[in-house]
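Working notes, beginning with the structure itself.
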Amino acid sequence: MRNREEVLRKIERATPALDLDLDKLLINRTLGLSWDAETDEFYFSSVETDKPSTKRGILSVGSSLFDPLGFLAPFILPVKVLLQELWCQNIDWDAAIPKRELDTWQKWLPSIPQLTKIRIPRCYFATKITCQTIELHLFCDASEVAYSASAYLRIIDDQGGVHCNFVIGKCRSSPIKRPTVPRLELLASVMAVRLSNLVLSEIDWNIDSVIFE
């Protein structure tokens, strides 16, 4: 459903492409999260950058990905893991990185332009449907290198149709001193609980049930 034009005209900053990255004066971002007011979708706008293949350059590109809701969490995770590996090897900030890590970095970089093709609807469901049941589903998991959690809304309308939408996600690399996988799974569970509390505090709807998977 499109935004009403008369409302957008009353918002001084509303334009067909509103950049939500408000920190550009401080950081030259590789990608910025933007909002297309006409289609009511989020998208990622790409900016050309040329960073050296060093720990400092990798950190600069990785921290330039403005992704507060976790849309890109699976995409950013390899960079977090790579930086952790370089940190464990005591690589200097501006030194050349080892060949194995360099190959990983060079395979990841060309995929950045593909992110501009992603379009994410701002609304969780069309306003014309009537909700009968609203469920919040939390998923969490862990491995030796990372742990994560994500939240989804599952809405059943009055016709029995089911609508599922991603709400928010978090992903963190494992600590340098590797805990056991069960310990990491516990950390992922705690993350899922915190995400559920965040979503429940921010969404005005009455959630019928919260389900942890």
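Ligands are numbered from 1 in the order shown, chains are lettered A, B, ... in the order of the structure tokens, and residues start at 1 in each chain.
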- Message: List the spatial neighbours of Phe71 (chain A) as an MDAnalysis selection string - criterion: any atom at most 12 Å away, only C-alpha atoms, same-chain residues fewer than 3 positions off excluded.
- Response: chainID A and resid 33 42:44 65:68 74:77 115 118:121 150:151 165:171
Residues from the last selection, N, CA and C atoms, saved as a PDB file, in the first residue's frame:
```
ATOM      1  N   LEU A  33      21.283   2.897   4.455  1.00  0.00           N
ATOM      2  CA  LEU A  33      19.899   2.438   4.436  1.00  0.00           C
ATOM      3  C   LEU A  33      19.005   3.603   4.060  1.00  0.00           C
ATOM      4  N   PHE A  42      12.333  -0.123   2.080  1.00  0.00           N
ATOM      5  CA  PHE A  42      13.721   0.156   2.432  1.00  0.00           C
ATOM      6  C   PHE A  42      14.619  -0.432   1.354  1.00  0.00           C
ATOM      7  N   TYR A  43      15.747   0.227   1.130  1.00  0.00           N
ATOM      8  CA  TYR A  43      16.733  -0.318   0.201  1.00  0.00           C
ATOM      9  C   TYR A  43      18.110   0.188   0.601  1.00  0.00           C
ATOM     10  N   PHE A  44      19.135  -0.437   0.049  1.00  0.00           N
ATOM     11  CA  PHE A  44      20.510  -0.064   0.360  1.00  0.00           C
ATOM     12  C   PHE A  44      21.128   0.606  -0.858  1.00  0.00           C
ATOM     13  N   LEU A  65      28.571  -0.417   7.010  1.00  0.00           N
ATOM     14  CA  LEU A  65      27.297  -1.026   6.643  1.00  0.00           C
ATOM     15  C   LEU A  65      26.247  -0.645   7.681  1.00  0.00           C
ATOM     16  N   PHE A  66      25.392   0.313   7.338  1.00  0.00           N
ATOM     17  CA  PHE A  66      24.379   0.824   8.253  1.00  0.00           C
ATOM     18  C   PHE A  66      23.180  -0.106   8.216  1.00  0.00           C
ATOM     19  N   ASP A  67      23.051  -0.951   9.236  1.00  0.00           N
ATOM     20  CA  ASP A  67      22.038  -2.003   9.214  1.00  0.00           C
ATOM     21  C   ASP A  67      21.461  -2.195  10.611  1.00  0.00           C
ATOM     22  N   PRO A  68      20.681  -1.237  11.116  1.00  0.00           N
ATOM     23  CA  PRO A  68      20.203  -1.306  12.511  1.00  0.00           C
ATOM     24  C   PRO A  68      19.229  -2.443  12.788  1.00  0.00           C
ATOM     25  N   PRO A  74      23.597 -11.818   8.085  1.00  0.00           N
ATOM     26  CA  PRO A  74      24.340 -12.953   7.524  1.00  0.00           C
ATOM     27  C   PRO A  74      25.440 -12.522   6.565  1.00  0.00           C
ATOM     28  N   PHE A  75      25.223 -11.390   5.913  1.00  0.00           N
ATOM     29  CA  PHE A  75      26.217 -10.894   4.956  1.00  0.00           C
ATOM     30  C   PHE A  75      27.419 -10.284   5.665  1.00  0.00           C
ATOM     31  N   ILE A  76      27.190  -9.619   6.783  1.00  0.00           N
ATOM     32  CA  ILE A  76      28.262  -8.935   7.506  1.00  0.00           C
ATOM     33  C   ILE A  76      29.076  -9.895   8.368  1.00  0.00           C
ATOM     34  N   LEU A  77      28.483 -11.011   8.773  1.00  0.00           N
ATOM     35  CA  LEU A  77      29.158 -11.933   9.683  1.00  0.00           C
ATOM     36  C   LEU A  77      30.535 -12.376   9.193  1.00  0.00           C
ATOM     37  N   LEU A 115      23.786  -5.827  -3.128  1.00  0.00           N
ATOM     38  CA  LEU A 115      22.873  -5.433  -2.061  1.00  0.00           C
ATOM     39  C   LEU A 115      21.909  -4.339  -2.503  1.00  0.00           C
ATOM     40  N   ILE A 118      18.245  -5.328  -3.219  1.00  0.00           N
ATOM     41  CA  ILE A 118      17.339  -5.742  -2.152  1.00  0.00           C
ATOM     42  C   ILE A 118      16.319  -4.641  -1.885  1.00  0.00           C
ATOM     43  N   ARG A 119      15.057  -5.002  -1.871  1.00  0.00           N
ATOM     44  CA  ARG A 119      13.977  -4.072  -1.538  1.00  0.00           C
ATOM     45  C   ARG A 119      13.139  -4.716  -0.430  1.00  0.00           C
ATOM     46  N   ILE A 120      12.948  -4.011   0.666  1.00  0.00           N
ATOM     47  CA  ILE A 120      12.283  -4.562   1.843  1.00  0.00           C
ATOM     48  C   ILE A 120      11.057  -3.714   2.171  1.00  0.00           C
ATOM     49  N   PRO A 121       9.852  -4.256   2.107  1.00  0.00           N
ATOM     50  CA  PRO A 121       8.652  -3.483   2.449  1.00  0.00           C
ATOM     51  C   PRO A 121       8.723  -2.971   3.889  1.00  0.00           C
ATOM     52  N   SER A 150      16.771 -14.028  15.740  1.00  0.00           N
ATOM     53  CA  SER A 150      15.942 -13.217  14.849  1.00  0.00           C
ATOM     54  C   SER A 150      14.490 -13.321  15.273  1.00  0.00           C
ATOM     55  N   ALA A 151      13.727 -12.300  14.931  1.00  0.00           N
ATOM     56  CA  ALA A 151      12.319 -12.223  15.304  1.00  0.00           C
ATOM     57  C   ALA A 151      11.460 -12.071  14.055  1.00  0.00           C
ATOM     58  N   ASN A 165       6.661 -12.092   8.410  1.00  0.00           N
ATOM     59  CA  ASN A 165       7.592 -11.018   8.065  1.00  0.00           C
ATOM     60  C   ASN A 165       8.706 -10.921   9.091  1.00  0.00           C
ATOM     61  N   PHE A 166       9.893 -10.671   8.574  1.00  0.00           N
ATOM     62  CA  PHE A 166      11.066 -10.458   9.420  1.00  0.00           C
ATOM     63  C   PHE A 166      10.928  -9.126  10.147  1.00  0.00           C
ATOM     64  N   VAL A 167      11.284  -9.107  11.435  1.00  0.00           N
ATOM     65  CA  VAL A 167      11.203  -7.885  12.233  1.00  0.00           C
ATOM     66  C   VAL A 167      12.596  -7.346  12.544  1.00  0.00           C
ATOM     67  N   ILE A 168      13.429  -8.164  13.180  1.00  0.00           N
ATOM     68  CA  ILE A 168      14.759  -7.713  13.574  1.00  0.00           C
ATOM     69  C   ILE A 168      15.637  -8.930  13.812  1.00  0.00           C
ATOM     70  N   GLY A 169      16.935  -8.756  13.634  1.00  0.00           N
ATOM     71  CA  GLY A 169      17.871  -9.842  13.877  1.00  0.00           C
ATOM     72  C   GLY A 169      19.189  -9.322  14.411  1.00  0.00           C
ATOM     73  N   LYS A 170      19.890 -10.170  15.124  1.00  0.00           N
ATOM     74  CA  LYS A 170      21.205  -9.842  15.659  1.00  0.00           C
ATOM     75  C   LYS A 170      22.135 -11.025  15.419  1.00  0.00           C
ATOM     76  N   CYS A 171      23.393 -10.708  15.167  1.00  0.00           N
ATOM     77  CA  CYS A 171      24.389 -11.754  14.952  1.00  0.00           C
ATOM     78  C   CYS A 171      25.733 -11.268  15.495  1.00  0.00           C
TER      79      CYS A 171
END
```
- Message: Show me, as number ranges by chain, the residues that have an atom within 12 Å of Gln159 (chain A) when counting only C-alpha atoms, minus same-chain residues fewer than 2 positions from it.
- Response: A: 129-133, 155-157, 161-163
- Query: CA of Glu38 (chain A) and CA of Leu69 (chain A) are how many Å apart?
  - Reply: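 The value is 21.2 Å.
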- Within region 24-154 of chain A, find each residue whose DSSP state, derived from the backbone, is alpha helix (DSSP H), and express the selection as JSON, numbers by chain. {"A": [55, 56, 57, 58, 59, 60, 61, 62, 63, 73, 74, 75, 76, 77, 78, 79, 80, 81, 82, 83, 84, 85, 86, 87, 88, 99, 100, 101, 102, 103, 104, 105, 106, 107, 108]}
For the selection just defined, write its residues with N, CA and C atoms to a file, as a CSV table (one decimal), in the first residue's frame.
```csv
chain,number,residue,atom,x,y,z
A,55,LYS,N,43.8,-4.6,7.9
A,55,LYS,CA,42.8,-4.7,9.0
A,55,LYS,C,42.0,-3.4,9.1
A,56,ARG,N,42.7,-2.3,9.0
A,56,ARG,CA,42.1,-1.0,9.1
A,56,ARG,C,41.0,-0.8,8.0
A,57,GLY,N,41.4,-1.2,6.7
A,57,GLY,CA,40.5,-1.0,5.6
A,57,GLY,C,39.3,-1.9,5.7
A,58,ILE,N,39.5,-3.2,6.2
A,58,ILE,CA,38.4,-4.1,6.4
A,58,ILE,C,37.4,-3.6,7.5
A,59,LEU,N,38.0,-3.1,8.5
A,59,LEU,CA,37.2,-2.5,9.6
A,59,LEU,C,36.4,-1.3,9.1
A,60,SER,N,37.0,-0.5,8.3
A,60,SER,CA,36.3,0.7,7.8
A,60,SER,C,35.1,0.3,6.9
A,61,VAL,N,35.3,-0.7,6.0
A,61,VAL,CA,34.2,-1.1,5.2
A,61,VAL,C,33.1,-1.8,6.0
A,62,GLY,N,33.5,-2.7,6.9
A,62,GLY,CA,32.5,-3.4,7.7
A,62,GLY,C,31.7,-2.5,8.6
A,63,SER,N,32.3,-1.5,9.2
A,63,SER,CA,31.5,-0.6,10.1
A,63,SER,C,30.7,0.4,9.3
A,73,ALA,N,22.7,-9.0,8.5
A,73,ALA,CA,23.5,-9.7,9.5
A,73,ALA,C,24.2,-10.9,8.9
A,74,PRO,N,23.6,-11.8,8.1
A,74,PRO,CA,24.3,-13.0,7.5
A,74,PRO,C,25.4,-12.5,6.6
A,75,PHE,N,25.2,-11.4,5.9
A,75,PHE,CA,26.2,-10.9,5.0
A,75,PHE,C,27.4,-10.3,5.7
A,76,ILE,N,27.2,-9.6,6.8
A,76,ILE,CA,28.3,-8.9,7.5
A,76,ILE,C,29.1,-9.9,8.4
A,77,LEU,N,28.5,-11.0,8.8
A,77,LEU,CA,29.2,-11.9,9.7
A,77,LEU,C,30.5,-12.4,9.2
A,78,PRO,N,30.7,-12.8,7.9
A,78,PRO,CA,32.1,-13.2,7.5
A,78,PRO,C,33.1,-12.1,7.7
A,79,VAL,N,32.8,-10.8,7.6
A,79,VAL,CA,33.7,-9.8,7.9
A,79,VAL,C,34.1,-9.7,9.4
A,80,LYS,N,33.1,-9.9,10.3
A,80,LYS,CA,33.4,-9.9,11.7
A,80,LYS,C,34.3,-11.1,12.0
A,81,VAL,N,34.1,-12.2,11.4
A,81,VAL,CA,34.9,-13.4,11.7
A,81,VAL,C,36.3,-13.2,11.2
A,82,LEU,N,36.4,-12.6,10.0
A,82,LEU,CA,37.7,-12.3,9.4
A,82,LEU,C,38.5,-11.3,10.3
A,83,LEU,N,37.9,-10.3,10.7
A,83,LEU,CA,38.6,-9.3,11.6
A,83,LEU,C,39.1,-10.0,12.9
A,84,GLN,N,38.3,-10.9,13.4
A,84,GLN,CA,38.7,-11.6,14.6
A,84,GLN,C,39.9,-12.5,14.4
A,85,GLU,N,39.9,-13.1,13.2
A,85,GLU,CA,41.1,-13.9,12.9
A,85,GLU,C,42.3,-13.1,12.8
A,86,LEU,N,42.2,-11.9,12.1
A,86,LEU,CA,43.4,-11.0,12.0
A,86,LEU,C,43.8,-10.5,13.4
A,87,TRP,N,42.9,-10.3,14.2
A,87,TRP,CA,43.2,-9.8,15.6
A,87,TRP,C,43.9,-10.9,16.4
A,88,CYS,N,43.5,-12.1,16.2
A,88,CYS,CA,44.2,-13.2,16.9
A,88,CYS,C,45.6,-13.5,16.4
A,99,LYS,N,47.6,-14.5,2.9
A,99,LYS,CA,46.9,-14.8,1.6
A,99,LYS,C,45.5,-15.4,1.9
A,100,ARG,N,45.4,-16.3,2.8
A,100,ARG,CA,44.1,-17.0,3.1
A,100,ARG,C,43.1,-16.0,3.4
A,101,GLU,N,43.4,-15.1,4.3
A,101,GLU,CA,42.4,-14.0,4.7
A,101,GLU,C,42.2,-13.0,3.6
A,102,LEU,N,43.2,-12.8,2.8
A,102,LEU,CA,43.1,-11.9,1.6
A,102,LEU,C,42.1,-12.5,0.6
A,103,ASP,N,42.2,-13.8,0.4
A,103,ASP,CA,41.3,-14.4,-0.6
A,103,ASP,C,39.9,-14.4,-0.1
A,104,THR,N,39.7,-14.5,1.2
A,104,THR,CA,38.3,-14.4,1.8
A,104,THR,C,37.8,-13.0,1.5
A,105,TRP,N,38.6,-12.0,1.8
A,105,TRP,CA,38.2,-10.6,1.7
A,105,TRP,C,37.8,-10.3,0.2
A,106,GLN,N,38.7,-10.7,-0.7
A,106,GLN,CA,38.5,-10.4,-2.1
A,106,GLN,C,37.3,-11.2,-2.7
A,107,LYS,N,36.9,-12.3,-2.1
A,107,LYS,CA,35.7,-13.0,-2.6
A,107,LYS,C,34.5,-12.3,-2.1
A,108,TRP,N,34.6,-11.7,-0.9
A,108,TRP,CA,33.4,-11.0,-0.3
A,108,TRP,C,33.1,-9.6,-0.9
```
- When distances are computed from only C-alpha atoms, which of A:Asp94, A:Glu135, A:Glu144, A:Asp158 shows the smallest separation from Val210 (chain A)? A:Glu135
- Item | From A:Ile112, A:Val181, A:Met191, A:Ala142, residue lying nearest Phe212 (chain A) [only C-alpha atoms] |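 Smallest distance to Phe212 (chain A) is found for A:Met191.
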- Could you please write out, as an MDAnalysis selection string, every residue of chain A that DSSP assigns to strand (DSSP E or B)? chainID A and resid 18:19 31:36 41:46 65 119:121 131:142 146:157 162:173 209:212
- Task: Rank A:Ser111, A:Ser173, A:Thr54, A:Ser148 by their smallest atom-to-atom distance to Ile91 (chain A), using only C-alpha atoms, and report the top residue only.
- Result: A:Thr54
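For the atom pair formed by CA of Pro52 (chain A) and CA of Ala95 (chain A), the distance is 9.8 Å, given to one decimal.
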- Task: Could you tell me which of A:Leu136, A:Asp92, A:Lys117, A:Pro175 comes closest to Ser196 (chain A) if we count only C-alpha atoms?
- Result: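 Under the stated criterion, the closest residue is A:Leu136.
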- Select, from A:Cys164, A:Cys123, A:Leu184, A:Ile97, the residue with the minimum atom-to-atom distance to Ser143 (chain A), counting only C-alpha atoms. A:Leu184
- Item | Among listed residues A:Lys128, A:Arg122, A:His137, A:Lys51, nearest Leu195 (chain A) (using only C-alpha atoms) |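 Among the listed residues, the smallest separation from Leu195 (chain A) belongs to A:His137.
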